[in-house]
Amino acid sequence: MTILVVGSTGNIGRQVVAGLVAKGADVRALARDPAKAQFPAGVAVVKGDLMDIDAMRAALTGVSTLFLLNAVTADEVTQALITLNLAHDAGIERIVYLSVIHSDLYTNVPHFTGKFTVERMIEQFDMAATILRPAYFFDNDVQQKTALLEYGVYGMPIGSRGLSMVATSDIADLAVIELLRREQAATPLPRTTINVVGPDSLTGERVAAIWSDVLGKPIAYGGDDTQAFEAMLRQFSPSWTAYDLALMARRFQSDGMIPDAGDVERLEAMLGRPLASYRAFATETAAAWAKA
């Protein structure tokens, strides 16, 4: 009984691997360059790329459960559909797929609709899968360091409708719970979809206020200018990525990212503890910045 983790070298994937190892699971991690991958002892690292059919067939051989997290790339949908088809061919009936909340609502945002396309395949093939739909990650805001510390601005244009931001550690812990639940079941379990959210719905002004408290200085919300946000992103990202994320920010402002009734209670029951708060994240992050 082996769990293959796809996306193992990223922030969430590494936490999933570590969490599975801590629970005594037999873990196989997919990596483009195994020599550079650093995982806990006992993890079998296999070389592979999601567009390399032969390598993926080999990586999936002998696997009982699949965790699929593929990055936001131009060929993300192709990568995911190929991987799920190969998993289906290999007879794998235990899957956890990391999607995104409101994948069915943000229809004009490429990486949201891409993930919804993958969800549709899982549904139409009647795959025994858990679809995790996380909201915006707290951890993304580590990139706000310069804006916060040097300019006194929180620059993510999230608007005023509210986002239920979530910690990647909570996402990873929930993924581990679902992987083990499926892995250990006597027969494949029914498909389920879970919104993964944080405990609070936060606005741009509210996030700025939290940073003001934590940093002990005035922090202003940078406003809702998504064109300026796109221009900033283009300094270090491909233009298509910058535009995709700007479209996402527009939907943050128009629709928000609010959980359904009962989502928070369901997640806390699964975890057996409270969800992490944005204030705790900001406090820990500011302390780390002070030590750097």
# chains A, B, ... in the order shown; residues from 1 in each chain; ligands from 1

$ select_by_dssp --residues "stretch 28-237 of chain A" --states "strand (DSSP E or B)" --output "MDAnalysis selection string"
chainID A and resid 28:31 44:47 65:68 95:98 129:134 137 153:154 163 166 192:196 202 220:221

$ write_last_selection --atoms "N, CA and C atoms" --output "mmCIF file, in the first residue's frame"
data_model
loop_
_atom_site.group_PDB
_atom_site.id
_atom_site.type_symbol
_atom_site.label_atom_id
_atom_site.label_comp_id
_atom_site.auth_asym_id
_atom_site.auth_seq_id
_atom_site.Cartn_x
_atom_site.Cartn_y
_atom_site.Cartn_z
ATOM 1 N N ARG A 28 5.758 7.523 -1.590
ATOM 2 C CA ARG A 28 6.579 7.698 -2.787
ATOM 3 C C ARG A 28 6.396 9.136 -3.260
ATOM 4 N N ALA A 29 7.491 9.854 -3.478
ATOM 5 C CA ALA A 29 7.422 11.267 -3.873
ATOM 6 C C ALA A 29 7.935 11.439 -5.288
ATOM 7 N N LEU A 30 7.156 12.106 -6.125
ATOM 8 C CA LEU A 30 7.562 12.384 -7.499
ATOM 9 C C LEU A 30 8.371 13.673 -7.531
ATOM 10 N N ALA A 31 9.527 13.649 -8.203
ATOM 11 C CA ALA A 31 10.377 14.836 -8.306
ATOM 12 C C ALA A 31 11.057 14.855 -9.665
ATOM 13 N N ALA A 44 10.483 7.101 -0.678
ATOM 14 C CA ALA A 44 11.023 6.671 -1.968
ATOM 15 C C ALA A 44 10.817 7.792 -2.978
ATOM 16 N N VAL A 45 11.896 8.342 -3.483
ATOM 17 C CA VAL A 45 11.810 9.444 -4.436
ATOM 18 C C VAL A 45 11.966 8.885 -5.853
ATOM 19 N N VAL A 46 11.008 9.203 -6.728
ATOM 20 C CA VAL A 46 11.047 8.716 -8.102
ATOM 21 C C VAL A 46 11.135 9.901 -9.052
ATOM 22 N N LYS A 47 11.918 9.749 -10.093
ATOM 23 C CA LYS A 47 12.090 10.807 -11.083
ATOM 24 C C LYS A 47 10.914 10.793 -12.042
ATOM 25 N N THR A 65 -2.741 4.766 -3.630
ATOM 26 C CA THR A 65 -3.409 6.045 -3.387
ATOM 27 C C THR A 65 -2.584 7.170 -3.991
ATOM 28 N N LEU A 66 -3.270 8.137 -4.612
ATOM 29 C CA LEU A 66 -2.603 9.242 -5.311
ATOM 30 C C LEU A 66 -3.002 10.580 -4.707
ATOM 31 N N PHE A 67 -1.996 11.401 -4.408
ATOM 32 C CA PHE A 67 -2.235 12.811 -4.080
ATOM 33 C C PHE A 67 -1.769 13.635 -5.271
ATOM 34 N N LEU A 68 -2.688 14.393 -5.864
ATOM 35 C CA LEU A 68 -2.372 15.160 -7.067
ATOM 36 C C LEU A 68 -2.456 16.652 -6.792
ATOM 37 N N ILE A 95 -7.923 8.606 -4.453
ATOM 38 C CA ILE A 95 -7.305 9.830 -4.961
ATOM 39 C C ILE A 95 -7.696 11.013 -4.095
ATOM 40 N N VAL A 96 -6.730 11.901 -3.862
ATOM 41 C CA VAL A 96 -7.017 13.213 -3.284
ATOM 42 C C VAL A 96 -6.460 14.246 -4.255
ATOM 43 N N TYR A 97 -7.339 15.133 -4.735
ATOM 44 C CA TYR A 97 -6.961 16.156 -5.715
ATOM 45 C C TYR A 97 -7.084 17.535 -5.086
ATOM 46 N N LEU A 98 -6.045 18.349 -5.230
ATOM 47 C CA LEU A 98 -6.074 19.707 -4.694
ATOM 48 C C LEU A 98 -6.555 20.670 -5.773
ATOM 49 N N ALA A 129 -12.607 9.758 -5.123
ATOM 50 C CA ALA A 129 -11.660 10.841 -4.837
ATOM 51 C C ALA A 129 -12.224 11.824 -3.833
ATOM 52 N N THR A 130 -11.299 12.447 -3.108
ATOM 53 C CA THR A 130 -11.604 13.637 -2.324
ATOM 54 C C THR A 130 -11.076 14.834 -3.102
ATOM 55 N N ILE A 131 -11.937 15.794 -3.367
ATOM 56 C CA ILE A 131 -11.535 17.046 -4.004
ATOM 57 C C ILE A 131 -11.451 18.098 -2.913
ATOM 58 N N LEU A 132 -10.232 18.538 -2.616
ATOM 59 C CA LEU A 132 -10.023 19.606 -1.644
ATOM 60 C C LEU A 132 -10.028 20.934 -2.375
ATOM 61 N N ARG A 133 -10.864 21.857 -1.903
ATOM 62 C CA ARG A 133 -10.988 23.169 -2.559
ATOM 63 C C ARG A 133 -10.530 24.267 -1.594
ATOM 64 N N PRO A 134 -9.228 24.545 -1.521
ATOM 65 C CA PRO A 134 -8.759 25.567 -0.593
ATOM 66 C C PRO A 134 -9.013 26.984 -1.086
ATOM 67 N N PHE A 137 -4.247 31.258 0.185
ATOM 68 C CA PHE A 137 -3.305 30.842 1.218
ATOM 69 C C PHE A 137 -2.765 32.032 2.013
ATOM 70 N N VAL A 153 2.498 49.301 3.500
ATOM 71 C CA VAL A 153 1.313 49.022 2.684
ATOM 72 C C VAL A 153 1.099 47.518 2.566
ATOM 73 N N TYR A 154 -0.160 47.092 2.696
ATOM 74 C CA TYR A 154 -0.537 45.728 2.334
ATOM 75 C C TYR A 154 -1.045 45.794 0.902
ATOM 76 N N LEU A 163 -12.394 37.373 2.220
ATOM 77 C CA LEU A 163 -11.733 36.130 1.821
ATOM 78 C C LEU A 163 -11.486 35.294 3.072
ATOM 79 N N VAL A 166 -6.613 30.680 4.340
ATOM 80 C CA VAL A 166 -6.319 29.448 5.065
ATOM 81 C C VAL A 166 -4.820 29.188 5.084
ATOM 82 N N THR A 192 -16.048 12.864 -2.610
ATOM 83 C CA THR A 192 -16.497 13.970 -1.772
ATOM 84 C C THR A 192 -15.716 15.226 -2.117
ATOM 85 N N THR A 193 -16.352 16.371 -1.924
ATOM 86 C CA THR A 193 -15.715 17.667 -2.161
ATOM 87 C C THR A 193 -15.742 18.462 -0.867
ATOM 88 N N ILE A 194 -14.585 19.026 -0.504
ATOM 89 C CA ILE A 194 -14.454 19.726 0.775
ATOM 90 C C ILE A 194 -13.881 21.121 0.541
ATOM 91 N N ASN A 195 -14.616 22.149 0.917
ATOM 92 C CA ASN A 195 -14.068 23.504 0.934
ATOM 93 C C ASN A 195 -13.086 23.617 2.092
ATOM 94 N N VAL A 196 -11.897 24.140 1.808
ATOM 95 C CA VAL A 196 -10.873 24.286 2.846
ATOM 96 C C VAL A 196 -10.649 25.778 3.072
ATOM 97 N N LEU A 202 -11.725 37.847 5.671
ATOM 98 C CA LEU A 202 -10.891 39.034 5.812
ATOM 99 C C LEU A 202 -10.996 39.950 4.601
ATOM 100 N N ALA A 220 -1.307 50.616 5.686
ATOM 101 C CA ALA A 220 -2.476 50.984 4.896
ATOM 102 C C ALA A 220 -2.797 49.882 3.889
ATOM 103 N N TYR A 221 -4.054 49.757 3.561
ATOM 104 C CA TYR A 221 -4.445 48.866 2.465
ATOM 105 C C TYR A 221 -4.137 49.572 1.158
#

$ residues_around --residues "A:Pro190" --least-positions-apart "3" --cutoff "10 Å" --atoms "only C-alpha atoms" --output "list in words"
Arg94, Asp126, Met127, Ala128, Ala129, Thr130, Arg182 and Thr187 of chain A

$ write_last_selection --atoms "all heavy atoms" --output "compact mmCIF listing (two decimals), in the first residue's frame"
# COMPACT_ATOMS: atom_id res chain seq x y z
N ARG A 94 -8.09 5.39 -5.23
CA ARG A 94 -8.04 6.22 -4.02
C ARG A 94 -7.24 7.47 -4.36
O ARG A 94 -6.01 7.39 -4.55
CB ARG A 94 -7.40 5.43 -2.87
CG ARG A 94 -8.13 4.12 -2.56
CD ARG A 94 -7.24 3.12 -1.85
NE ARG A 94 -7.82 1.79 -1.90
CZ ARG A 94 -8.63 1.27 -0.98
NH1 ARG A 94 -8.95 1.99 0.09
NH2 ARG A 94 -9.11 0.05 -1.10
N ASP A 126 -16.34 8.84 -12.43
CA ASP A 126 -16.78 8.32 -11.15
C ASP A 126 -15.61 7.82 -10.32
O ASP A 126 -15.64 6.72 -9.74
CB ASP A 126 -17.81 7.19 -11.35
CG ASP A 126 -18.58 6.88 -10.06
OD1 ASP A 126 -18.67 7.77 -9.20
OD2 ASP A 126 -19.08 5.74 -9.93
N MET A 127 -14.56 8.64 -10.26
CA MET A 127 -13.37 8.27 -9.50
C MET A 127 -13.62 8.41 -8.01
O MET A 127 -14.29 9.36 -7.57
CB MET A 127 -12.19 9.16 -9.91
CG MET A 127 -11.68 8.86 -11.31
SD MET A 127 -10.30 9.95 -11.76
CE MET A 127 -9.56 8.98 -13.07
N ALA A 128 -13.09 7.47 -7.25
CA ALA A 128 -13.21 7.51 -5.79
C ALA A 128 -12.19 8.51 -5.27
O ALA A 128 -11.04 8.17 -5.02
CB ALA A 128 -12.96 6.12 -5.21
N ALA A 129 -12.61 9.76 -5.12
CA ALA A 129 -11.66 10.84 -4.84
C ALA A 129 -12.22 11.82 -3.83
O ALA A 129 -13.43 12.02 -3.73
CB ALA A 129 -11.31 11.58 -6.13
N THR A 130 -11.30 12.45 -3.11
CA THR A 130 -11.60 13.64 -2.32
C THR A 130 -11.08 14.83 -3.10
O THR A 130 -9.90 14.87 -3.47
CB THR A 130 -10.93 13.61 -0.95
OG1 THR A 130 -11.46 12.53 -0.19
CG2 THR A 130 -11.19 14.91 -0.20
N ARG A 182 -8.71 7.25 2.95
CA ARG A 182 -8.95 6.47 1.74
C ARG A 182 -8.02 5.26 1.67
O ARG A 182 -8.44 4.16 1.31
CB ARG A 182 -8.80 7.35 0.50
CG ARG A 182 -9.93 8.36 0.38
CD ARG A 182 -9.95 9.14 -0.91
NE ARG A 182 -11.15 9.97 -0.94
CZ ARG A 182 -12.36 9.55 -1.33
NH1 ARG A 182 -12.51 8.31 -1.77
NH2 ARG A 182 -13.40 10.36 -1.32
N THR A 187 -12.62 -0.73 1.19
CA THR A 187 -13.01 -0.57 -0.22
C THR A 187 -12.96 0.91 -0.57
O THR A 187 -13.00 1.77 0.31
CB THR A 187 -14.45 -1.09 -0.45
OG1 THR A 187 -15.35 -0.38 0.40
CG2 THR A 187 -14.54 -2.58 -0.16

$ residues_around --residues "stretch 73-77 of chain A" --least-positions-apart "5" --cutoff "8 Å" --atoms "only C-alpha atoms" --output "list in words"
His111, Gly114, Lys115, Thr117 and Val118 of chain A

$ write_last_selection --atoms "C-alpha atoms" --output "PDB file, in the first residue's frame"
ATOM      1  CA  HIS A 111      -6.413  28.424 -13.373  1.00  0.00           C
ATOM      2  CA  GLY A 114      -8.716  24.583 -15.372  1.00  0.00           C
ATOM      3  CA  LYS A 115      -9.129  22.952 -11.977  1.00  0.00           C
ATOM      4  CA  THR A 117     -12.251  20.870 -15.741  1.00  0.00           C
ATOM      5  CA  VAL A 118     -10.201  18.351 -13.774  1.00  0.00           C
TER       6      VAL A 118
END

$ closest_residue --among "A:Thr61, A:Thr107, A:Ser212, A:Thr168" --to "A:Ala135" --atoms "only C-alpha atoms"
A:Thr168

$ residues_around --residues "A:Leu245" --least-positions-apart "4" --cutoff "12 Å" --atoms "only C-alpha atoms" --output "JSON, numbers by chain"
{"A": [72, 106, 108, 109, 110, 111, 112, 136, 156, 157, 158, 226, 227, 228, 229, 230, 231, 232, 233, 234, 237, 238, 239, 240, 241, 249, 250, 251, 252]}

$ write_last_selection --atoms "N, CA and C atoms" --output "compact mmCIF listing (two decimals), in the first residue's frame"
# COMPACT_ATOMS: atom_id res chain seq x y z
N VAL A 72 0.30 25.85 -11.04
CA VAL A 72 -0.36 26.71 -12.03
C VAL A 72 0.64 26.98 -13.15
N TYR A 106 -15.59 31.16 -10.55
CA TYR A 106 -14.65 32.09 -11.18
C TYR A 106 -14.35 31.61 -12.61
N ASN A 108 -14.05 32.89 -15.52
CA ASN A 108 -13.16 33.61 -16.45
C ASN A 108 -11.70 33.58 -16.00
N VAL A 109 -11.41 32.97 -14.87
CA VAL A 109 -10.05 32.92 -14.35
C VAL A 109 -9.43 31.59 -14.78
N PRO A 110 -8.41 31.63 -15.65
CA PRO A 110 -7.91 30.38 -16.26
C PRO A 110 -7.58 29.27 -15.29
N HIS A 111 -6.82 29.56 -14.21
CA HIS A 111 -6.41 28.42 -13.37
C HIS A 111 -7.55 27.91 -12.50
N PHE A 112 -8.58 28.70 -12.29
CA PHE A 112 -9.76 28.21 -11.58
C PHE A 112 -10.58 27.28 -12.49
N TYR A 136 -7.70 31.18 -0.59
CA TYR A 136 -6.42 31.88 -0.70
C TYR A 136 -5.52 31.52 0.48
N MET A 156 -1.89 43.38 -1.54
CA MET A 156 -2.71 42.40 -2.26
C MET A 156 -4.13 42.96 -2.40
N PRO A 157 -4.61 43.19 -3.64
CA PRO A 157 -5.91 43.87 -3.83
C PRO A 157 -7.10 42.93 -3.65
N ILE A 158 -7.34 42.53 -2.40
CA ILE A 158 -8.37 41.51 -2.14
C ILE A 158 -9.77 42.10 -1.97
N THR A 226 -6.30 46.57 -9.81
CA THR A 226 -5.77 45.30 -10.32
C THR A 226 -4.83 45.50 -11.52
N GLN A 227 -4.93 46.63 -12.21
CA GLN A 227 -3.99 46.91 -13.30
C GLN A 227 -2.59 47.14 -12.75
N ALA A 228 -2.50 47.87 -11.67
CA ALA A 228 -1.20 48.08 -11.03
C ALA A 228 -0.66 46.77 -10.48
N PHE A 229 -1.55 45.94 -9.94
CA PHE A 229 -1.16 44.63 -9.43
C PHE A 229 -0.59 43.77 -10.56
N GLU A 230 -1.26 43.77 -11.69
CA GLU A 230 -0.77 43.01 -12.85
C GLU A 230 0.60 43.52 -13.30
N ALA A 231 0.75 44.83 -13.37
CA ALA A 231 2.03 45.42 -13.79
C ALA A 231 3.15 45.02 -12.84
N MET A 232 2.86 44.99 -11.55
CA MET A 232 3.86 44.59 -10.57
C MET A 232 4.26 43.13 -10.77
N LEU A 233 3.26 42.26 -10.98
CA LEU A 233 3.54 40.84 -11.17
C LEU A 233 4.36 40.57 -12.42
N ARG A 234 4.17 41.39 -13.44
CA ARG A 234 4.90 41.17 -14.70
C ARG A 234 6.40 41.43 -14.55
N SER A 237 7.06 37.62 -13.32
CA SER A 237 6.24 36.49 -13.77
C SER A 237 5.93 36.64 -15.25
N PRO A 238 5.63 35.55 -15.94
CA PRO A 238 5.17 35.65 -17.33
C PRO A 238 3.90 36.51 -17.41
N SER A 239 3.69 37.15 -18.53
CA SER A 239 2.54 38.04 -18.66
C SER A 239 1.22 37.30 -18.47
N TRP A 240 1.16 36.03 -18.94
CA TRP A 240 -0.10 35.28 -18.80
C TRP A 240 -0.39 34.99 -17.33
N THR A 241 0.65 34.71 -16.54
CA THR A 241 0.46 34.46 -15.12
C THR A 241 -0.03 35.72 -14.42
N ALA A 249 -7.94 38.49 -8.74
CA ALA A 249 -8.13 39.58 -7.79
C ALA A 249 -9.43 40.34 -8.09
N ARG A 250 -9.77 40.48 -9.36
CA ARG A 250 -11.04 41.13 -9.70
C ARG A 250 -12.21 40.35 -9.13
N ARG A 251 -12.13 39.01 -9.19
CA ARG A 251 -13.21 38.20 -8.66
C ARG A 251 -13.23 38.21 -7.14
N PHE A 252 -12.05 38.34 -6.52
CA PHE A 252 -12.02 38.55 -5.07
C PHE A 252 -12.88 39.76 -4.73

$ atom_distance --atom1 "atom CA of A:Ser64" --atom2 "atom CA of A:Leu81"
18.3 Å

$ closest_residue --among "A:Gln15, A:Met248, A:Gln38, A:Ile219" --to "A:Ser103" --atoms "only C-alpha atoms"
A:Met248

$ residues_around --residues "A:Gln253" --least-positions-apart "5" --cutoff "7 Å" --atoms "only C-alpha atoms" --output "list in words"
Ile158, Gly159, Ser160 and Arg161 of chain A

$ closest_residue --among "A:Tyr151, A:Tyr278, A:Phe236, A:Tyr243" --to "A:Ile210" --atoms "only C-alpha atoms"
A:Tyr278

$ closest_residue --among "A:Asn70, A:Ser169, A:Thr203, A:Thr283" --to "A:Gly223" --atoms "only C-alpha atoms"
A:Thr203

$ atom_distance --atom1 "atom CA of A:Ile82" --atom2 "atom CA of A:Phe116"
15.2 Å

$ closest_atom_pairs --of "stretch 149-217 of chain A" --to "stretch 266-273 of chain A" --cutoff "10 Å" --atoms "only C-alpha atoms" --output "CSV"
residue,atom,partner,partner_atom,distance
A:Asp170,CA,A:Leu271,CA,8.2
A:Ile171,CA,A:Leu267,CA,9.9
A:Asp173,CA,A:Leu271,CA,7.5
A:Leu174,CA,A:Leu271,CA,6.9
A:Ile177,CA,A:Met270,CA,7.8
A:Glu178,CA,A:Met270,CA,9.3
A:Ile194,CA,A:Leu267,CA,8.6
A:Asn195,CA,A:Leu267,CA,8.5
A:Val196,CA,A:Leu267,CA,7.2
A:Val197,CA,A:Leu267,CA,8.1
A:Gly198,CA,A:Leu267,CA,9.1
A:Pro199,CA,A:Glu268,CA,9.4

$ write_last_selection --atoms "C-alpha atoms" --output "tab-separated table (two decimals), in the first residue's frame"
chain	number	residue	atom	x	y	z
A	170	ASP	CA	-4.09	23.20	7.62
A	171	ILE	CA	-4.46	22.25	3.94
A	173	ASP	CA	-3.02	18.25	7.48
A	174	LEU	CA	-6.45	17.80	5.87
A	177	ILE	CA	-6.27	12.91	6.89
A	178	GLU	CA	-8.10	12.23	3.62
A	194	ILE	CA	-14.45	19.73	0.78
A	195	ASN	CA	-14.07	23.50	0.93
A	196	VAL	CA	-10.87	24.29	2.85
A	197	VAL	CA	-11.15	27.71	4.46
A	198	GLY	CA	-9.87	29.69	7.40
A	199	PRO	CA	-11.83	30.79	10.48

$ select_by_dssp --residues "stretch 1-159 of chain A" --states "alpha helix (DSSP H)" --output "number ranges by chain"
A: 11-22, 53-60, 76-89, 110-124, 145-151

$ closest_residue --among "A:Asp225, A:Thr146, A:Thr113, A:Met257" --to "A:Asp244" --atoms "only C-alpha atoms"
A:Thr113
